[in-house]
Amino acid sequence: MGQSPSGDLTGPRVRVWDLPTRLVHWSIAALVPFSWWSAHAGHLPWHRLSGYTILGLVVFRLIWGVAGSSSARFTRFLRGPASVIAYVRGGGERLMGHNPLGGWSVAAMLGALLLQIGLGLFCVDEDGFEGGPLSKFLDFDTARAVAKIHHLTFYLLLALIVLHMGAIAFHGLRGRNLTGPMITGEAPAAPSGPAPRIAPAWRIAPAALAAAALAWLVAHGLRW
Amino acid sequence: MPRLNGRFAAVGVVGALLAGATLAASLSGADAAKARMGHMKALGAAAKALGDQIKSGAPDKAIVKAEAAKIAAAAQAIPTWFPPGSGPESGAKTQARPIVWTDPADFTARRDKLAAAVATLNTAAAAGDMAGVTVAFHPTLAACKGCHDKFKAPDKI
């Protein structure tokens, strides 16, 4: 196994990202801009549908973060402050999958998505009709205030996304292609530790079902 | 020299009177704008309350009747909410566009559309006809949007 000038390993490739993780990533990447556009173009029913779908994807990701492949598990990539600092200083261990800083950015983005969706559920528009399925629990003035906050928190999400893309570009400039592995699932093996354990496929269905059921319940205003 | 002073004094007094009158007019314009915003919020609350009832699938007839009546009354009052001078020029933070006053024919036409739609809605609500209310609700809502699309500036966020 040789080493490229950037210090990256060339040689055998291993599966780092499983299919569900990759599908969730790219689906969210497509649906967030669609959510933004549909709201701005006044297509509120599509905006809601997009939001419910992202909710299902995020909930699935949270379940998968507990029950999925090891590279997807939060216990694997959420590290303490010492590891994060060590990584930033350059001496951190080379893991396959999210590095300590990237791991926390994933958590932040998932959190920001949940916040954005959570607020959206309670919004209502200026005419008092178009809104989230849980806006019925709030009075008009409060739901309008939530709508304004929902508009503002989008910028938090956007900032995290821009940082995320900046980080990917930064790694790309240093010879470390991170986009390819998130598409193909495969990356060069790293010196430290074994390849990630890929979760058995049967786990996808119950996780997806649970996530879809929750999203459906929320979409129907918590009535069934 | 005394005549020159007198003329300046006269101009000064007239100027002060004009400024005062303009200030008073724009102050009451700003008051009207603020009052209008309160009315519109109340109208939005009524629309939401009515919409929530319809969306629930089991509307409370008493609430529907009350909220529909509020919207009908508001539709009648809307022209009085827009006195001249109560637009952005009043200094108040209003989203009413100047075109309200430069295109009064269309403003009246769109308001009339609301009045007609809500009349049907209100009749059905008063009679306890929930099916009729549901049918009449969407043209009413569309009429709200119809005015706002042209005459209300979007929220700045």
# chains A, B, ... in the order shown; residues from 1 in each chain; ligands from 1
$ interface_residues --of "chain B" --to "chain A" --cutoff "7 Å" --atoms "only C-alpha atoms" --output "PyMOL selection string"
chain B and resi 44-45+47-48+51-52+144+157
$ residues_around --residues "A:Phe34" --least-positions-apart "5" --cutoff "10 Å" --atoms "only C-alpha atoms" --output "PDB file with N, CA and C atoms, in the first residue's frame"
ATOM      1  N   ILE A  28     -31.977  14.302   1.176  1.00  0.00           N
ATOM      2  CA  ILE A  28     -32.082  15.544   1.942  1.00  0.00           C
ATOM      3  C   ILE A  28     -31.424  16.688   1.179  1.00  0.00           C
ATOM      4  N   ALA A  29     -30.287  16.405   0.554  1.00  0.00           N
ATOM      5  CA  ALA A  29     -29.586  17.448  -0.202  1.00  0.00           C
ATOM      6  C   ALA A  29     -30.464  17.993  -1.327  1.00  0.00           C
ATOM      7  N   ALA A  39     -41.575  27.084  -0.941  1.00  0.00           N
ATOM      8  CA  ALA A  39     -42.132  28.097  -0.040  1.00  0.00           C
ATOM      9  C   ALA A  39     -42.111  29.467  -0.719  1.00  0.00           C
ATOM     10  N   HIS A  40     -40.990  29.789  -1.341  1.00  0.00           N
ATOM     11  CA  HIS A  40     -40.865  31.099  -1.969  1.00  0.00           C
ATOM     12  C   HIS A  40     -41.768  31.262  -3.170  1.00  0.00           C
ATOM     13  N   TRP A  46     -46.791  21.584  -1.639  1.00  0.00           N
ATOM     14  CA  TRP A  46     -45.542  20.876  -1.971  1.00  0.00           C
ATOM     15  C   TRP A  46     -44.504  21.094  -0.875  1.00  0.00           C
ATOM     16  N   HIS A  47     -44.482  22.302  -0.325  1.00  0.00           N
ATOM     17  CA  HIS A  47     -43.534  22.635   0.729  1.00  0.00           C
ATOM     18  C   HIS A  47     -43.748  21.718   1.923  1.00  0.00           C
ATOM     19  N   SER A  50     -42.668  18.137   1.099  1.00  0.00           N
ATOM     20  CA  SER A  50     -41.216  18.066   1.143  1.00  0.00           C
ATOM     21  C   SER A  50     -40.729  17.997   2.589  1.00  0.00           C
ATOM     22  N   GLY A  51     -41.326  18.820   3.432  1.00  0.00           N
ATOM     23  CA  GLY A  51     -40.954  18.837   4.850  1.00  0.00           C
ATOM     24  C   GLY A  51     -41.244  17.514   5.535  1.00  0.00           C
TER      25      GLY A  51
END
$ closest_atom_pairs --of "stretch 45-82 of chain B" --to "stretch 112-128 of chain B" --cutoff "7 Å" --atoms "only C-alpha atoms" --output "CSV"
residue,atom,partner,partner_atom,distance
B:Lys61,CA,B:Gly128,CA,6.0
B:Val64,CA,B:Ala125,CA,6.2
B:Lys65,CA,B:Ala125,CA,4.8
B:Ala68,CA,B:Asn122,CA,5.3
B:Ala69,CA,B:Asn122,CA,6.0
B:Ala72,CA,B:Val118,CA,5.6
B:Ala75,CA,B:Ala115,CA,5.4
B:Gln76,CA,B:Ala115,CA,6.8
$ write_last_selection --atoms "C-alpha atoms" --output "compact mmCIF listing (two decimals), in the first residue's frame"
# COMPACT_ATOMS: atom_id res chain seq x y z
CA LYS B 61 -71.43 25.21 14.30
CA VAL B 64 -68.24 28.69 12.55
CA LYS B 65 -71.23 31.02 12.78
CA ALA B 68 -68.00 33.81 9.60
CA ALA B 69 -69.96 36.79 10.93
CA ALA B 72 -68.47 39.34 6.87
CA ALA B 75 -65.38 42.79 4.59
CA GLN B 76 -67.92 45.62 4.91
$ closest_residue --among "A:Ala219, A:Ala159, A:Ala207, A:Met96" --to "A:Arg13" --atoms "only C-alpha atoms"
A:Met96
$ residues_around --residues "B:Ile63" --least-positions-apart "2" --cutoff "8 Å" --atoms "only C-alpha atoms" --output "PDB file with C-alpha atoms, in the first residue's frame"
ATOM      1  CA  ALA B  49     -60.369  29.836  13.614  1.00  0.00           C
ATOM      2  CA  LEU B  50     -62.869  29.148  10.841  1.00  0.00           C
ATOM      3  CA  GLN B  53     -62.905  24.153  12.319  1.00  0.00           C
ATOM      4  CA  PRO B  59     -66.777  21.792  12.738  1.00  0.00           C
ATOM      5  CA  ASP B  60     -68.417  23.399  15.746  1.00  0.00           C
ATOM      6  CA  LYS B  61     -71.435  25.209  14.297  1.00  0.00           C
ATOM      7  CA  LYS B  65     -71.228  31.023  12.777  1.00  0.00           C
ATOM      8  CA  ALA B  66     -69.389  33.511  14.981  1.00  0.00           C
ATOM      9  CA  GLU B  67     -66.178  33.582  12.934  1.00  0.00           C
TER      10      GLU B  67
END
$ select_by_dssp --residues "stretch 39-125 of chain B" --states "alpha helix (DSSP H)" --output "tab-separated table (two decimals) with C-alpha atoms, in the first residue's frame"
chain	number	residue	atom	x	y	z
B	39	HIS	CA	-58.13	44.85	12.19
B	40	MET	CA	-56.25	42.68	9.71
B	41	LYS	CA	-54.75	40.57	12.50
B	42	ALA	CA	-58.21	40.05	13.96
B	43	LEU	CA	-59.44	39.13	10.49
B	44	GLY	CA	-56.59	36.62	10.10
B	45	ALA	CA	-57.44	35.14	13.49
B	46	ALA	CA	-61.07	34.72	12.44
B	47	ALA	CA	-60.02	33.10	9.17
B	48	LYS	CA	-57.72	30.74	11.06
B	49	ALA	CA	-60.37	29.84	13.61
B	50	LEU	CA	-62.87	29.15	10.84
B	51	GLY	CA	-60.32	27.21	8.77
B	52	ASP	CA	-59.26	25.11	11.76
B	53	GLN	CA	-62.91	24.15	12.32
B	54	ILE	CA	-63.36	23.11	8.70
B	55	LYS	CA	-60.06	21.21	8.64
B	56	SER	CA	-61.01	19.32	11.78
B	61	LYS	CA	-71.43	25.21	14.30
B	62	ALA	CA	-71.45	27.96	16.90
B	63	ILE	CA	-67.79	28.82	16.32
B	64	VAL	CA	-68.24	28.69	12.55
B	65	LYS	CA	-71.23	31.02	12.78
B	66	ALA	CA	-69.39	33.51	14.98
B	67	GLU	CA	-66.18	33.58	12.93
B	68	ALA	CA	-68.00	33.81	9.60
B	69	ALA	CA	-69.96	36.79	10.93
B	70	LYS	CA	-66.71	38.48	11.97
B	71	ILE	CA	-65.26	38.04	8.47
B	72	ALA	CA	-68.47	39.34	6.87
B	73	ALA	CA	-68.45	42.42	9.09
B	74	ALA	CA	-64.78	43.02	8.33
B	75	ALA	CA	-65.38	42.79	4.59
B	76	GLN	CA	-67.92	45.62	4.91
B	77	ALA	CA	-65.56	47.73	6.98
B	99	ILE	CA	-51.24	51.38	-5.37
B	100	VAL	CA	-54.20	50.98	-2.99
B	101	TRP	CA	-54.83	54.69	-3.49
B	102	THR	CA	-53.64	55.00	-7.08
B	104	PRO	CA	-58.99	52.49	-6.31
B	105	ALA	CA	-61.14	50.87	-9.00
B	106	ASP	CA	-59.30	47.55	-8.76
B	107	PHE	CA	-59.08	47.82	-4.97
B	108	THR	CA	-62.85	48.20	-4.79
B	109	ALA	CA	-63.38	45.37	-7.27
B	110	ARG	CA	-61.26	42.94	-5.26
B	111	ARG	CA	-62.88	43.99	-2.01
B	112	ASP	CA	-66.27	43.41	-3.62
B	113	LYS	CA	-65.17	39.90	-4.56
B	114	LEU	CA	-64.45	39.22	-0.89
B	115	ALA	CA	-67.78	40.71	0.18
B	116	ALA	CA	-69.65	38.49	-2.28
B	117	ALA	CA	-67.79	35.31	-1.29
B	118	VAL	CA	-68.17	35.91	2.43
B	119	ALA	CA	-71.87	36.73	2.02
B	120	THR	CA	-72.42	33.20	0.72
B	121	LEU	CA	-70.22	31.82	3.50
B	122	ASN	CA	-72.03	33.78	6.19
B	123	THR	CA	-75.47	32.73	4.97
B	124	ALA	CA	-74.45	29.08	5.09
B	125	ALA	CA	-72.84	29.50	8.52
$ residues_around --residues "stretch 64-74 of chain A" --least-positions-apart "3" --cutoff "7 Å" --atoms "only C-alpha atoms" --output "list in words"
Val16, Trp17, Asp18, Thr21, Phe60, Arg61, Phe77, Leu78, Gly97, Pro196, Arg197, Ile198 and Ala199 of chain A
$ select_by_dssp --residues "chain A" --states "strand (DSSP E or B)" --output "ChimeraX atom specification"
/A:3,9,13-15,124,131,186-188
